[in-house]
file entry.cif (mmCIF, C-alpha atoms and all ligand atoms)
data_target
#
loop_
_atom_site.group_PDB
_atom_site.id
_atom_site.type_symbol
_atom_site.label_atom_id
_atom_site.label_comp_id
_atom_site.auth_asym_id
_atom_site.auth_seq_id
_atom_site.Cartn_x
_atom_site.Cartn_y
_atom_site.Cartn_z
ATOM 1 C CA MET A 1 0.000 0.000 0.000
ATOM 2 C CA ALA A 2 1.195 3.534 -0.737
ATOM 3 C CA THR A 3 2.184 4.901 2.664
ATOM 4 C CA LEU A 4 3.989 8.169 1.961
ATOM 5 C CA GLY A 5 2.295 11.289 0.632
ATOM 6 C CA ASN A 6 1.434 12.899 3.949
ATOM 7 C CA PRO A 7 3.604 15.184 6.105
ATOM 8 C CA LYS A 8 3.931 12.756 9.025
ATOM 9 C CA ASN A 9 5.230 9.783 7.037
ATOM 10 C CA THR A 10 7.463 11.971 4.867
ATOM 11 C CA ILE A 11 9.100 13.567 7.925
ATOM 12 C CA GLU A 12 9.583 10.125 9.459
ATOM 13 C CA VAL A 13 11.482 8.883 6.385
ATOM 14 C CA LEU A 14 13.550 12.079 6.124
ATOM 15 C CA GLN A 15 14.553 11.859 9.780
ATOM 16 C CA LYS A 16 15.338 8.142 9.644
ATOM 17 C CA TYR A 17 17.894 8.825 6.899
ATOM 18 C CA ASN A 18 18.934 12.244 8.114
ATOM 19 C CA PHE A 19 18.154 13.568 4.629
ATOM 20 C CA ASN A 20 19.064 17.127 3.635
ATOM 21 C CA PHE A 21 17.130 18.746 0.786
ATOM 22 C CA GLN A 22 19.287 19.831 -2.132
ATOM 23 C CA LYS A 23 18.074 23.064 -3.666
ATOM 24 C CA LYS A 24 20.167 22.510 -6.804
ATOM 25 C CA PHE A 25 18.045 19.424 -7.617
ATOM 26 C CA GLY A 26 14.709 21.240 -7.191
ATOM 27 C CA GLN A 27 13.634 18.990 -4.342
ATOM 28 C CA ASN A 28 10.076 19.721 -3.234
ATOM 29 C CA PHE A 29 8.362 16.531 -2.164
ATOM 30 C CA LEU A 30 4.612 16.032 -2.483
ATOM 31 C CA ILE A 31 2.748 15.642 0.790
ATOM 32 C CA ASN A 32 -0.864 15.609 -0.375
ATOM 33 C CA THR A 33 -2.601 12.311 -1.136
ATOM 34 C CA GLY A 34 -5.449 14.034 -3.008
ATOM 35 C CA ILE A 35 -3.024 15.509 -5.555
ATOM 36 C CA LEU A 36 -1.185 12.188 -5.896
ATOM 37 C CA GLU A 37 -4.480 10.466 -6.667
ATOM 38 C CA ASP A 38 -5.354 13.198 -9.221
ATOM 39 C CA ILE A 39 -2.023 12.624 -11.005
ATOM 40 C CA ILE A 40 -2.477 8.852 -11.142
ATOM 41 C CA GLU A 41 -6.051 9.198 -12.385
ATOM 42 C CA ALA A 42 -5.108 11.749 -15.072
ATOM 43 C CA ALA A 43 -2.245 9.563 -16.310
ATOM 44 C CA GLU A 44 -4.742 6.693 -16.877
ATOM 45 C CA ILE A 45 -2.207 4.050 -15.922
ATOM 46 C CA THR A 46 -3.166 0.406 -16.333
ATOM 47 C CA LYS A 47 -1.466 -2.918 -15.641
ATOM 48 C CA ASP A 48 -0.372 -2.950 -19.324
ATOM 49 C CA ASP A 49 1.688 0.205 -18.937
ATOM 50 C CA PHE A 50 5.395 0.812 -18.734
ATOM 51 C CA VAL A 51 5.922 4.061 -16.835
ATOM 52 C CA LEU A 52 8.981 6.260 -16.671
ATOM 53 C CA GLU A 53 9.084 8.406 -13.543
ATOM 54 C CA ILE A 54 11.527 11.298 -13.536
ATOM 55 C CA GLY A 55 12.811 12.296 -10.083
ATOM 56 C CA PRO A 56 11.097 9.911 -7.628
ATOM 57 C CA GLY A 57 12.438 11.717 -4.522
ATOM 58 C CA ILE A 58 11.709 9.439 -1.557
ATOM 59 C CA GLY A 59 9.332 7.339 -3.689
ATOM 60 C CA THR A 60 6.026 8.974 -2.762
ATOM 61 C CA MET A 61 4.451 8.877 -6.234
ATOM 62 C CA THR A 62 6.492 5.817 -7.204
ATOM 63 C CA GLN A 63 4.512 3.717 -4.711
ATOM 64 C CA TYR A 64 1.256 4.741 -6.417
ATOM 65 C CA LEU A 65 2.752 4.065 -9.853
ATOM 66 C CA CYS A 66 3.945 0.586 -8.824
ATOM 67 C CA GLU A 67 0.434 -0.270 -7.743
ATOM 68 C CA SER A 68 -1.175 0.803 -11.021
ATOM 69 C CA ALA A 69 1.427 -0.024 -13.693
ATOM 70 C CA ARG A 70 3.023 -3.169 -15.084
ATOM 71 C CA GLU A 71 6.545 -1.832 -14.762
ATOM 72 C CA VAL A 72 8.110 1.376 -13.481
ATOM 73 C CA ILE A 73 11.553 2.807 -14.097
ATOM 74 C CA ALA A 74 12.377 5.729 -11.828
ATOM 75 C CA VAL A 75 15.367 7.912 -12.695
ATOM 76 C CA GLU A 76 16.807 9.853 -9.745
ATOM 77 C CA ILE A 77 19.943 12.014 -9.892
ATOM 78 C CA ASP A 78 20.564 12.340 -6.126
ATOM 79 C CA LYS A 79 22.609 9.395 -4.840
ATOM 80 C CA ASN A 80 21.533 10.150 -1.254
ATOM 81 C CA LEU A 81 17.980 9.167 -2.194
ATOM 82 C CA ILE A 82 18.919 5.707 -3.504
ATOM 83 C CA PRO A 83 19.081 3.891 -0.121
ATOM 84 C CA ILE A 84 15.830 5.604 0.870
ATOM 85 C CA LEU A 85 14.126 4.409 -2.314
ATOM 86 C CA GLU A 86 15.390 0.860 -1.709
ATOM 87 C CA ASP A 87 13.585 0.986 1.610
ATOM 88 C CA THR A 88 10.329 2.755 0.604
ATOM 89 C CA LEU A 89 9.913 0.631 -2.548
ATOM 90 C CA SER A 90 10.964 -2.697 -1.008
ATOM 91 C CA ALA A 91 7.396 -4.061 -1.176
ATOM 92 C CA TYR A 92 7.296 -3.786 -4.989
ATOM 93 C CA ASN A 93 8.944 -6.095 -7.504
ATOM 94 C CA ASN A 94 7.925 -4.151 -10.633
ATOM 95 C CA VAL A 95 10.216 -1.145 -10.143
ATOM 96 C CA GLU A 96 13.805 -0.320 -10.953
ATOM 97 C CA VAL A 97 15.569 2.826 -9.784
ATOM 98 C CA LEU A 98 18.329 4.260 -11.962
ATOM 99 C CA ASN A 99 20.728 6.671 -10.300
ATOM 100 C CA GLU A 100 21.198 8.911 -13.355
ATOM 101 C CA ASP A 101 20.684 12.402 -14.708
ATOM 102 C CA ILE A 102 17.549 12.108 -16.877
ATOM 103 C CA LEU A 103 19.077 14.461 -19.446
ATOM 104 C CA LYS A 104 21.797 11.858 -20.076
ATOM 105 C CA VAL A 105 19.535 8.805 -20.310
ATOM 106 C CA ASP A 106 18.774 7.357 -23.748
ATOM 107 C CA ILE A 107 15.023 7.112 -23.170
ATOM 108 C CA LYS A 108 14.362 5.909 -26.698
ATOM 109 C CA ALA A 109 16.639 2.912 -26.139
ATOM 110 C CA LEU A 110 15.001 2.299 -22.752
ATOM 111 C CA ALA A 111 11.515 2.220 -24.317
ATOM 112 C CA GLU A 112 12.801 -0.071 -27.050
ATOM 113 C CA GLU A 113 14.409 -2.442 -24.573
ATOM 114 C CA ARG A 114 11.729 -2.526 -21.863
ATOM 115 C CA ASN A 115 8.539 -1.915 -23.796
ATOM 116 C CA ALA A 116 9.346 -3.357 -27.224
ATOM 117 C CA GLY A 117 9.269 0.160 -28.690
ATOM 118 C CA LYS A 118 5.595 0.620 -27.771
ATOM 119 C CA PRO A 119 4.482 4.020 -26.429
ATOM 120 C CA ILE A 120 5.374 4.634 -22.799
ATOM 121 C CA LYS A 121 3.791 6.911 -20.206
ATOM 122 C CA VAL A 122 5.901 9.490 -18.437
ATOM 123 C CA VAL A 123 4.864 10.769 -15.020
ATOM 124 C CA ALA A 124 6.862 13.261 -12.982
ATOM 125 C CA ASN A 125 6.862 15.961 -10.386
ATOM 126 C CA LEU A 126 9.575 17.754 -12.302
ATOM 127 C CA PRO A 127 12.541 19.683 -11.012
ATOM 128 C CA TYR A 128 11.489 23.086 -12.399
ATOM 129 C CA TYR A 129 14.982 24.125 -13.498
ATOM 130 C CA ILE A 130 14.967 21.551 -16.293
ATOM 131 C CA THR A 131 11.270 21.333 -17.234
ATOM 132 C CA THR A 132 11.641 22.608 -20.791
ATOM 133 C CA PRO A 133 14.723 20.557 -21.783
ATOM 134 C CA ILE A 134 13.084 17.398 -20.417
ATOM 135 C CA ILE A 135 9.809 17.893 -22.275
ATOM 136 C CA MET A 136 11.392 19.033 -25.519
ATOM 137 C CA GLY A 137 13.991 16.267 -25.304
ATOM 138 C CA LEU A 138 11.235 13.656 -25.004
ATOM 139 C CA PHE A 139 9.360 15.021 -28.003
ATOM 140 C CA GLU A 140 12.231 15.968 -30.284
ATOM 141 C CA SER A 141 14.100 12.712 -29.918
ATOM 142 C CA HIS A 142 10.932 10.918 -31.068
ATOM 143 C CA VAL A 143 10.710 8.685 -28.013
ATOM 144 C CA PRO A 144 7.534 6.582 -28.397
ATOM 145 C CA ILE A 145 5.278 8.416 -25.932
ATOM 146 C CA ASP A 146 1.624 7.952 -25.161
ATOM 147 C CA SER A 147 1.336 10.761 -22.628
ATOM 148 C CA ILE A 148 3.357 12.887 -20.228
ATOM 149 C CA THR A 149 1.627 13.808 -16.964
ATOM 150 C CA ILE A 150 3.743 16.255 -15.043
ATOM 151 C CA MET A 151 3.795 18.754 -12.246
ATOM 152 C CA VAL A 152 5.308 22.022 -13.465
ATOM 153 C CA GLN A 153 5.377 25.643 -12.417
ATOM 154 C CA LYS A 154 1.840 27.066 -12.881
ATOM 155 C CA GLU A 155 3.086 29.777 -15.218
ATOM 156 C CA VAL A 156 4.777 27.176 -17.460
ATOM 157 C CA ALA A 157 1.602 25.052 -17.554
ATOM 158 C CA ASP A 158 -0.339 28.138 -18.675
ATOM 159 C CA ARG A 159 2.240 28.887 -21.348
ATOM 160 C CA MET A 160 1.922 25.377 -22.785
ATOM 161 C CA GLN A 161 -1.845 25.768 -23.220
ATOM 162 C CA GLU A 162 -2.031 29.277 -24.675
ATOM 163 C CA GLY A 163 -2.801 30.348 -28.252
ATOM 164 C CA PRO A 164 -2.204 33.541 -30.296
ATOM 165 C CA GLY A 165 -3.242 36.774 -28.613
ATOM 166 C CA SER A 166 -2.199 35.791 -25.111
ATOM 167 C CA LYS A 167 0.925 37.252 -23.545
ATOM 168 C CA GLU A 168 1.877 33.762 -22.326
ATOM 169 C CA TYR A 169 1.897 32.445 -25.912
ATOM 170 C CA GLY A 170 5.374 31.652 -27.208
ATOM 171 C CA ALA A 171 7.828 29.113 -28.580
ATOM 172 C CA LEU A 172 7.040 26.606 -25.789
ATOM 173 C CA SER A 173 3.274 26.759 -26.493
ATOM 174 C CA LEU A 174 3.871 26.066 -30.170
ATOM 175 C CA ALA A 175 6.384 23.283 -29.595
ATOM 176 C CA VAL A 176 4.161 21.491 -27.072
ATOM 177 C CA GLN A 177 1.026 21.897 -29.191
ATOM 178 C CA TYR A 178 2.801 20.650 -32.302
ATOM 179 C CA TYR A 179 3.524 17.342 -30.566
ATOM 180 C CA ALA A 180 0.698 16.994 -28.066
ATOM 181 C CA HIS A 181 -2.651 18.097 -26.708
ATOM 182 C CA PRO A 182 -2.075 19.923 -23.379
ATOM 183 C CA GLU A 183 -4.663 19.858 -20.614
ATOM 184 C CA ILE A 184 -4.258 21.273 -17.107
ATOM 185 C CA VAL A 185 -5.441 18.654 -14.598
ATOM 186 C CA VAL A 186 -5.233 20.546 -11.331
ATOM 187 C CA ASN A 187 -3.608 23.624 -9.802
ATOM 188 C CA VAL A 188 -1.417 22.852 -6.808
ATOM 189 C CA PRO A 189 -0.612 25.405 -4.071
ATOM 190 C CA PRO A 190 2.827 25.560 -2.375
ATOM 191 C CA SER A 191 1.350 24.040 0.829
ATOM 192 C CA CYS A 192 1.174 20.612 -0.896
ATOM 193 C CA PHE A 193 4.985 20.312 -0.876
ATOM 194 C CA MET A 194 7.827 19.939 1.592
ATOM 195 C CA PRO A 195 9.666 22.277 1.561
ATOM 196 C CA GLN A 196 7.184 24.743 0.063
ATOM 197 C CA PRO A 197 8.237 26.231 -3.302
ATOM 198 C CA LYS A 198 7.958 29.993 -3.825
ATOM 199 C CA VAL A 199 5.654 29.589 -6.839
ATOM 200 C CA GLY A 200 2.337 27.887 -7.567
ATOM 201 C CA SER A 201 2.338 24.625 -9.513
ATOM 202 C CA ALA A 202 -0.010 22.747 -11.809
ATOM 203 C CA VAL A 203 -0.314 19.218 -13.109
ATOM 204 C CA ILE A 204 -0.587 19.136 -16.877
ATOM 205 C CA ARG A 205 -1.229 16.157 -19.118
ATOM 206 C CA LEU A 206 0.290 16.219 -22.607
ATOM 207 C CA THR A 207 -1.322 13.611 -24.833
ATOM 208 C CA ARG A 208 0.808 12.895 -27.865
ATOM 209 C CA HIS A 209 -0.938 13.506 -31.211
ATOM 210 C CA GLU A 210 -1.292 10.375 -33.264
ATOM 211 C CA GLN A 211 -0.999 12.505 -36.353
ATOM 212 C CA SER A 212 0.641 15.878 -36.604
ATOM 213 C CA PRO A 213 -2.053 18.620 -36.501
ATOM 214 C CA VAL A 214 -0.299 20.590 -39.288
ATOM 215 C CA ASP A 215 1.424 19.875 -42.558
ATOM 216 C CA VAL A 216 5.108 20.753 -42.305
ATOM 217 C CA GLU A 217 7.732 19.953 -44.901
ATOM 218 C CA ASN A 218 10.722 20.826 -42.736
ATOM 219 C CA GLU A 219 10.180 20.619 -38.950
ATOM 220 C CA LYS A 220 13.619 21.997 -38.155
ATOM 221 C CA LEU A 221 13.046 25.080 -40.302
ATOM 222 C CA MET A 222 9.622 25.695 -38.708
ATOM 223 C CA PHE A 223 11.138 25.677 -35.222
ATOM 224 C CA GLN A 224 13.948 28.000 -36.363
ATOM 225 C CA ILE A 225 11.301 30.414 -37.642
ATOM 226 C CA ILE A 226 9.314 30.131 -34.401
ATOM 227 C CA ARG A 227 12.421 30.840 -32.330
ATOM 228 C CA ALA A 228 13.291 33.793 -34.576
ATOM 229 C CA SER A 229 9.780 35.232 -34.198
ATOM 230 C CA PHE A 230 9.736 35.120 -30.404
ATOM 231 C CA ASN A 231 13.379 35.985 -29.938
ATOM 232 C CA GLN A 232 12.545 39.658 -30.182
ATOM 233 C CA ARG A 233 8.939 39.664 -29.091
ATOM 234 C CA ARG A 234 8.309 43.365 -29.594
ATOM 235 C CA LYS A 235 9.605 43.396 -33.151
ATOM 236 C CA THR A 236 7.635 42.530 -36.249
ATOM 237 C CA LEU A 237 7.881 39.037 -37.659
ATOM 238 C CA ALA A 238 9.810 40.417 -40.657
ATOM 239 C CA ASN A 239 12.434 42.016 -38.395
ATOM 240 C CA GLY A 240 12.714 38.928 -36.227
ATOM 241 C CA LEU A 241 13.355 36.753 -39.273
ATOM 242 C CA ASN A 242 15.751 39.268 -40.760
ATOM 243 C CA ASN A 243 17.908 39.443 -37.635
ATOM 244 C CA PHE A 244 18.033 35.752 -36.866
ATOM 245 C CA PRO A 245 21.401 34.103 -37.474
ATOM 246 C CA GLY A 246 21.165 31.004 -39.609
ATOM 247 C CA LEU A 247 18.234 32.182 -41.737
ATOM 248 C CA ASN A 248 19.947 33.801 -44.671
ATOM 249 C CA LEU A 249 17.047 35.484 -46.390
ATOM 250 C CA SER A 250 16.947 38.964 -47.842
ATOM 251 C CA LYS A 251 14.477 41.510 -46.498
ATOM 252 C CA GLU A 252 12.600 41.430 -49.811
ATOM 253 C CA VAL A 253 12.216 37.648 -49.809
ATOM 254 C CA ILE A 254 10.997 37.688 -46.187
ATOM 255 C CA GLN A 255 8.370 40.316 -47.039
ATOM 256 C CA GLN A 256 7.281 38.353 -50.086
ATOM 257 C CA CYS A 257 6.890 35.167 -47.992
ATOM 258 C CA ILE A 258 4.829 36.970 -45.339
ATOM 259 C CA GLU A 259 2.586 38.454 -48.033
ATOM 260 C CA GLU A 260 2.184 35.008 -49.572
ATOM 261 C CA LEU A 261 0.946 33.799 -46.191
ATOM 262 C CA GLY A 262 -1.846 36.378 -46.499
ATOM 263 C CA VAL A 263 -1.047 38.493 -43.435
ATOM 264 C CA PRO A 264 0.151 42.126 -43.232
ATOM 265 C CA VAL A 265 3.960 42.535 -43.434
ATOM 266 C CA THR A 266 3.782 44.429 -40.141
ATOM 267 C CA VAL A 267 2.417 41.377 -38.291
ATOM 268 C CA ARG A 268 4.092 40.225 -35.081
ATOM 269 C CA GLY A 269 5.046 36.591 -34.604
ATOM 270 C CA GLU A 270 2.828 36.292 -31.550
ATOM 271 C CA ALA A 271 -0.252 36.768 -33.761
ATOM 272 C CA LEU A 272 0.419 33.652 -35.851
ATOM 273 C CA SER A 273 -1.141 30.263 -35.136
ATOM 274 C CA LEU A 274 0.705 26.950 -35.342
ATOM 275 C CA GLU A 275 -1.007 26.348 -38.687
ATOM 276 C CA GLN A 276 0.312 29.702 -40.004
ATOM 277 C CA PHE A 277 3.865 28.995 -38.783
ATOM 278 C CA ALA A 278 3.696 25.668 -40.608
ATOM 279 C CA GLN A 279 2.497 27.375 -43.808
ATOM 280 C CA LEU A 280 5.122 30.105 -43.508
ATOM 281 C CA SER A 281 7.906 27.566 -43.112
ATOM 282 C CA ASN A 282 6.672 25.701 -46.196
ATOM 283 C CA ILE A 283 6.706 28.995 -48.153
ATOM 284 C CA ILE A 284 10.154 30.013 -46.864
ATOM 285 C CA GLY A 285 11.456 26.493 -47.586
ATOM 286 C CA LYS A 286 10.818 27.069 -51.298
ATOM 287 C CA HIS A 287 13.104 30.103 -51.250
ATOM 288 C CA LEU A 288 16.091 28.415 -49.614
HETATM 289 N N1 LIG B 1 8.606 12.793 -7.137
HETATM 290 C C1 LIG B 1 8.934 13.284 -5.824
HETATM 291 C C2 LIG B 1 7.704 13.839 -5.171
HETATM 292 O O1 LIG B 1 6.747 14.112 -5.902
HETATM 293 O O2 LIG B 1 7.685 14.000 -3.972
HETATM 294 C C3 LIG B 1 10.063 14.328 -5.884
HETATM 295 C C4 LIG B 1 9.843 15.514 -6.773
HETATM 296 S S1 LIG B 1 11.065 16.783 -6.665
HETATM 297 C C5 LIG B 1 10.184 18.179 -7.286
HETATM 298 C C6 LIG B 1 12.142 16.498 -8.072
HETATM 299 C C7 LIG B 1 13.011 15.257 -7.988
HETATM 300 O O3 LIG B 1 13.797 15.165 -9.184
HETATM 301 C C8 LIG B 1 14.014 15.242 -6.845
HETATM 302 O O4 LIG B 1 14.016 13.999 -6.217
HETATM 303 C C9 LIG B 1 15.369 15.515 -7.511
HETATM 304 O O5 LIG B 1 16.477 14.982 -6.811
HETATM 305 C C10 LIG B 1 15.154 14.856 -8.870
HETATM 306 N N2 LIG B 1 15.997 15.396 -9.968
HETATM 307 C C11 LIG B 1 16.443 16.662 -10.133
HETATM 308 N N3 LIG B 1 17.163 16.790 -11.262
HETATM 309 C C12 LIG B 1 17.170 15.551 -11.847
HETATM 310 C C13 LIG B 1 17.743 15.028 -13.040
HETATM 311 N N4 LIG B 1 18.477 15.808 -13.866
HETATM 312 N N5 LIG B 1 17.567 13.720 -13.332
HETATM 313 C C14 LIG B 1 16.832 12.925 -12.493
HETATM 314 N N6 LIG B 1 16.254 13.364 -11.357
HETATM 315 C C15 LIG B 1 16.409 14.662 -11.031
#

call {"tool": "encode", "arguments": {"input": "entry.cif", "output": "structure tokens"}}
result
Amino acid sequence: MATLGNPKNTIEVLQKYNFNFQKKFGQNFLINTGILEDIIEAAEITKDDFVLEIGPGIGTMTQYLCESAREVIAVEIDKNLIPILEDTLSAYNNVEVLNEDILKVDIKALAEERNAGKPIKVVANLPYYITTPIIMGLFESHVPIDSITIMVQKEVADRMQEGPGSKEYGALSLAVQYYAHPEIVVNVPPSCFMPQPKVGSAVIRLTRHEQSPVDVENEKLMFQIIRASFNQRRKTLANGLNNFPGLNLSKEVIQQCIEELGVPVTVRGEALSLEQFAQLSNIIGKHL
């Protein structure tokens, strides 16, 4: 039975091992069973599933995952947590803990080896300092993913969901929405963690699209254009593209491409939808 997830049991484990929180690893442990249950429910884990957990901490959510999934691999960077995890997960025989930095793990090979290349589910209460590289790494390296259910900073969750016209809309929104459908599951106040973070959090589920929602001839070029457009947010799209290193297009060609898209040449990047960025990259691609 999952026994952690409340302040009393968490403190007991921390004291038993004389554990010191490491700020550099973004360690804020969940101490609210209601939120843990919300995460497990949103992730829709079944006994057929292979789950990758990033940053298990003392194993609070891992216990829940072990009870719902077929197999769990939990990747934890902090070596001081390994003996604790051996203890808190000793009742489960369907879990393996890897003492690694998730950014250095070949997750594609792991999915291939452990789940015969079939889509895996990723669940994590993420260390906020590496949220974006983890998510983008999972998508861009084409790891077979069914869904990613993660706790992130509230502001970042909002950014992933936004569309044109919102001030939160940016390169992260477009990248996430290109690969997945984002849905905020629940907002989580600082009081649900030990120690309490300074910011609010939210659980967001990213369900991988089976088919890309837009037609793009050159993904890499589209993301270069997106980065160029939001690099200088206050500038027009034309200026952003003109000043971006690596895109060697003349001012005239850029203007012509924007006109071909059917929007005013004075448009700002933040006004374009994912569909329009895809179209623009297809148009620009013809001029390269
Ligand atoms: N899952 C636990 C919970 O909900 O209570 C802990 C969450 S805590 C926010 C983040 C965890 O990720 C910590 O245990 C931390 O040591 C671990 N971590 C931080 N950076 C990591 C990395 N690069 N690779 C793997 N784990 C990491």

call {"tool": "atom_distance", "arguments": {"input": "entry.cif", "atom1": "CA of Phe139 (chain A)", "atom2": "CA of Val267 (chain A)"}}
result
29.1 Å

call {"tool": "atom_distance", "arguments": {"input": "entry.cif", "atom1": "CA of Met61 (chain A)", "atom2": "CA of Asp49 (chain A)"}}
result
15.6 Å

call {"tool": "residues_near_ligand", "arguments": {"input": "entry.cif", "ligand": "ligand LIG 1 (chain B)", "cutoff": "8 Å", "atoms": "all atoms listed in the file", "output": "PyMOL selection string"}}
result
chain A and resi 5+22+24-31+53-62+75-78+81+99-103+124-130+193

call {"tool": "closest_residue", "arguments": {"input": "entry.cif", "among": "A:Ala271, A:Val51, A:Met151, A:Ile39", "to": "Lys167 (chain A)", "atoms": "all atoms listed in the file"}}
result
A:Ala271

call {"tool": "resolve_selection", "arguments": {"input": "entry.cif", "expression": "the PyMOL selection byres (((chain A and resi 158) around 9) and not hetatm)", "output": "short mmCIF file (atom, residue, chain, number, x, y, z; two decimals) with C-alpha atoms, keeping the file's coordinate frame"}}
result
data_model
loop_
_atom_site.label_atom_id
_atom_site.label_comp_id
_atom_site.auth_asym_id
_atom_site.auth_seq_id
_atom_site.Cartn_x
_atom_site.Cartn_y
_atom_site.Cartn_z
CA GLN A 153 5.38 25.64 -12.42
CA LYS A 154 1.84 27.07 -12.88
CA GLU A 155 3.09 29.78 -15.22
CA VAL A 156 4.78 27.18 -17.46
CA ALA A 157 1.60 25.05 -17.55
CA ARG A 159 2.24 28.89 -21.35
CA MET A 160 1.92 25.38 -22.78
CA GLN A 161 -1.84 25.77 -23.22
CA GLU A 162 -2.03 29.28 -24.68
CA GLU A 168 1.88 33.76 -22.33
CA TYR A 169 1.90 32.44 -25.91
CA SER A 173 3.27 26.76 -26.49
CA ILE A 184 -4.26 21.27 -17.11
CA ALA A 202 -0.01 22.75 -11.81
#

call {"tool": "resolve_selection", "arguments": {"input": "entry.cif", "expression": "the PyMOL selection byres (((chain A and resi 217) around 10) and not hetatm)", "output": "ChimeraX atom specification"}}
result
/A:214-216,218-222,278-279,281-283,285

call {"tool": "write_last_selection", "arguments": {"input": "entry.cif", "atoms": "C-alpha atoms", "output": "CSV table (one decimal), in the frame of the given file"}}
result
chain,number,residue,atom,x,y,z
A,214,VAL,CA,-0.3,20.6,-39.3
A,215,ASP,CA,1.4,19.9,-42.6
A,216,VAL,CA,5.1,20.8,-42.3
A,218,ASN,CA,10.7,20.8,-42.7
A,219,GLU,CA,10.2,20.6,-39.0
A,220,LYS,CA,13.6,22.0,-38.2
A,221,LEU,CA,13.0,25.1,-40.3
A,222,MET,CA,9.6,25.7,-38.7
A,278,ALA,CA,3.7,25.7,-40.6
A,279,GLN,CA,2.5,27.4,-43.8
A,281,SER,CA,7.9,27.6,-43.1
A,282,ASN,CA,6.7,25.7,-46.2
A,283,ILE,CA,6.7,29.0,-48.2
A,285,GLY,CA,11.5,26.5,-47.6

call {"tool": "atom_distance", "arguments": {"input": "entry.cif", "atom1": "CA of Ala109 (chain A)", "atom2": "CA of Tyr178 (chain A)"}}
result
23.3 Å

call {"tool": "residues_around", "arguments": {"input": "entry.cif", "residues": "Lys16 (chain A)", "least_positions_apart": "3", "cutoff": "12 Å", "atoms": "all atoms listed in the file", "output": "short mmCIF file (atom, residue, chain, number, x, y, z; two decimals) with C-alpha atoms, in the coordinates of the input"}}
result
data_model
loop_
_atom_site.label_atom_id
_atom_site.label_comp_id
_atom_site.auth_asym_id
_atom_site.auth_seq_id
_atom_site.Cartn_x
_atom_site.Cartn_y
_atom_site.Cartn_z
CA ASN A 9 5.23 9.78 7.04
CA THR A 10 7.46 11.97 4.87
CA ILE A 11 9.10 13.57 7.92
CA GLU A 12 9.58 10.12 9.46
CA VAL A 13 11.48 8.88 6.38
CA PHE A 19 18.15 13.57 4.63
CA ASN A 20 19.06 17.13 3.64
CA ILE A 58 11.71 9.44 -1.56
CA PRO A 83 19.08 3.89 -0.12
CA ILE A 84 15.83 5.60 0.87
CA ASP A 87 13.58 0.99 1.61
CA THR A 88 10.33 2.76 0.60
#

call {"tool": "residues_around", "arguments": {"input": "entry.cif", "residues": "Pro190 (chain A)", "least_positions_apart": "4", "cutoff": "8 Å", "atoms": "only C-alpha atoms", "output": "PDB file with C-alpha atoms, keeping the file's coordinate frame"}}
result
ATOM      1  CA  GLN A 196       7.184  24.743   0.063  1.00  0.00           C
ATOM      2  CA  PRO A 197       8.237  26.231  -3.302  1.00  0.00           C
ATOM      3  CA  LYS A 198       7.958  29.993  -3.825  1.00  0.00           C
ATOM      4  CA  VAL A 199       5.654  29.589  -6.839  1.00  0.00           C
ATOM      5  CA  GLY A 200       2.337  27.887  -7.567  1.00  0.00           C
ATOM      6  CA  SER A 201       2.338  24.625  -9.513  1.00  0.00           C
TER       7      SER A 201
END

call {"tool": "resolve_selection", "arguments": {"input": "entry.cif", "expression": "the PyMOL selection byres (((chain A and resi 257) around 12) and not hetatm)", "output": "count of residues only"}}
result
31

call {"tool": "closest_residue", "arguments": {"input": "entry.cif", "among": "A:His181, A:Arg114, A:Lys108, A:Arg205", "to": "Val152 (chain A)", "atoms": "all atoms listed in the file"}}
result
A:Arg205

call {"tool": "axis_aligned_box", "arguments": {"input": "entry.cif", "around": "region 157-171 of chain A", "padding_each_side": "5 Å", "output": "lines of an AutoDock Vina configuration file"}}
result
center_x = 2.3
center_y = 31.2
center_z = -23.9
size_x = 21.1
size_y = 22.2
size_z = 22.7

call {"tool": "closest_residue", "arguments": {"input": "entry.cif", "among": "A:Ile225, A:Leu4, A:Ile40, A:Ala175", "to": "Pro213 (chain A)", "atoms": "all atoms listed in the file"}}
result
A:Ala175

call {"tool": "residues_around", "arguments": {"input": "entry.cif", "residues": "Gly137 (chain A)", "least_positions_apart": "6", "cutoff": "10 Å", "atoms": "only C-alpha atoms", "output": "number ranges by chain"}}
result
A: 103, 107, 131, 143

call {"tool": "closest_residue", "arguments": {"input": "entry.cif", "among": "A:Phe223, A:Phe50, A:Tyr64, A:Phe230", "to": "Gly269 (chain A)", "atoms": "all atoms listed in the file"}}
result
A:Phe230

call {"tool": "residues_near_point", "arguments": {"input": "entry.cif", "point": "(1.1, 8.0, -26.7)", "cutoff": "6 Å", "atoms": "only C-alpha atoms", "output": "PyMOL selection string"}}
result
chain A and resi 119+145-147+208

call {"tool": "closest_residue", "arguments": {"input": "entry.cif", "among": "A:Ile73, A:Leu89, A:Ile135, A:Val95", "to": "Ala111 (chain A)", "atoms": "all atoms listed in the file"}}
result
A:Ile73

call {"tool": "residues_near_point", "arguments": {"input": "entry.cif", "point": "(6.3, 9.3, -19.4)", "cutoff": "6 Å", "atoms": "only C-alpha atoms", "output": "ChimeraX atom specification"}}
result
/A:51-52,120-123,148

call {"tool": "write_last_selection", "arguments": {"input": "entry.cif", "atoms": "C-alpha atoms", "output": "PDB file, in the coordinates of the input"}}
result
ATOM      1  CA  VAL A  51       5.922   4.061 -16.835  1.00  0.00           C
ATOM      2  CA  LEU A  52       8.981   6.260 -16.671  1.00  0.00           C
ATOM      3  CA  ILE A 120       5.374   4.634 -22.799  1.00  0.00           C
ATOM      4  CA  LYS A 121       3.791   6.911 -20.206  1.00  0.00           C
ATOM      5  CA  VAL A 122       5.901   9.490 -18.437  1.00  0.00           C
ATOM      6  CA  VAL A 123       4.864  10.769 -15.020  1.00  0.00           C
ATOM      7  CA  ILE A 148       3.357  12.887 -20.228  1.00  0.00           C
TER       8      ILE A 148
END
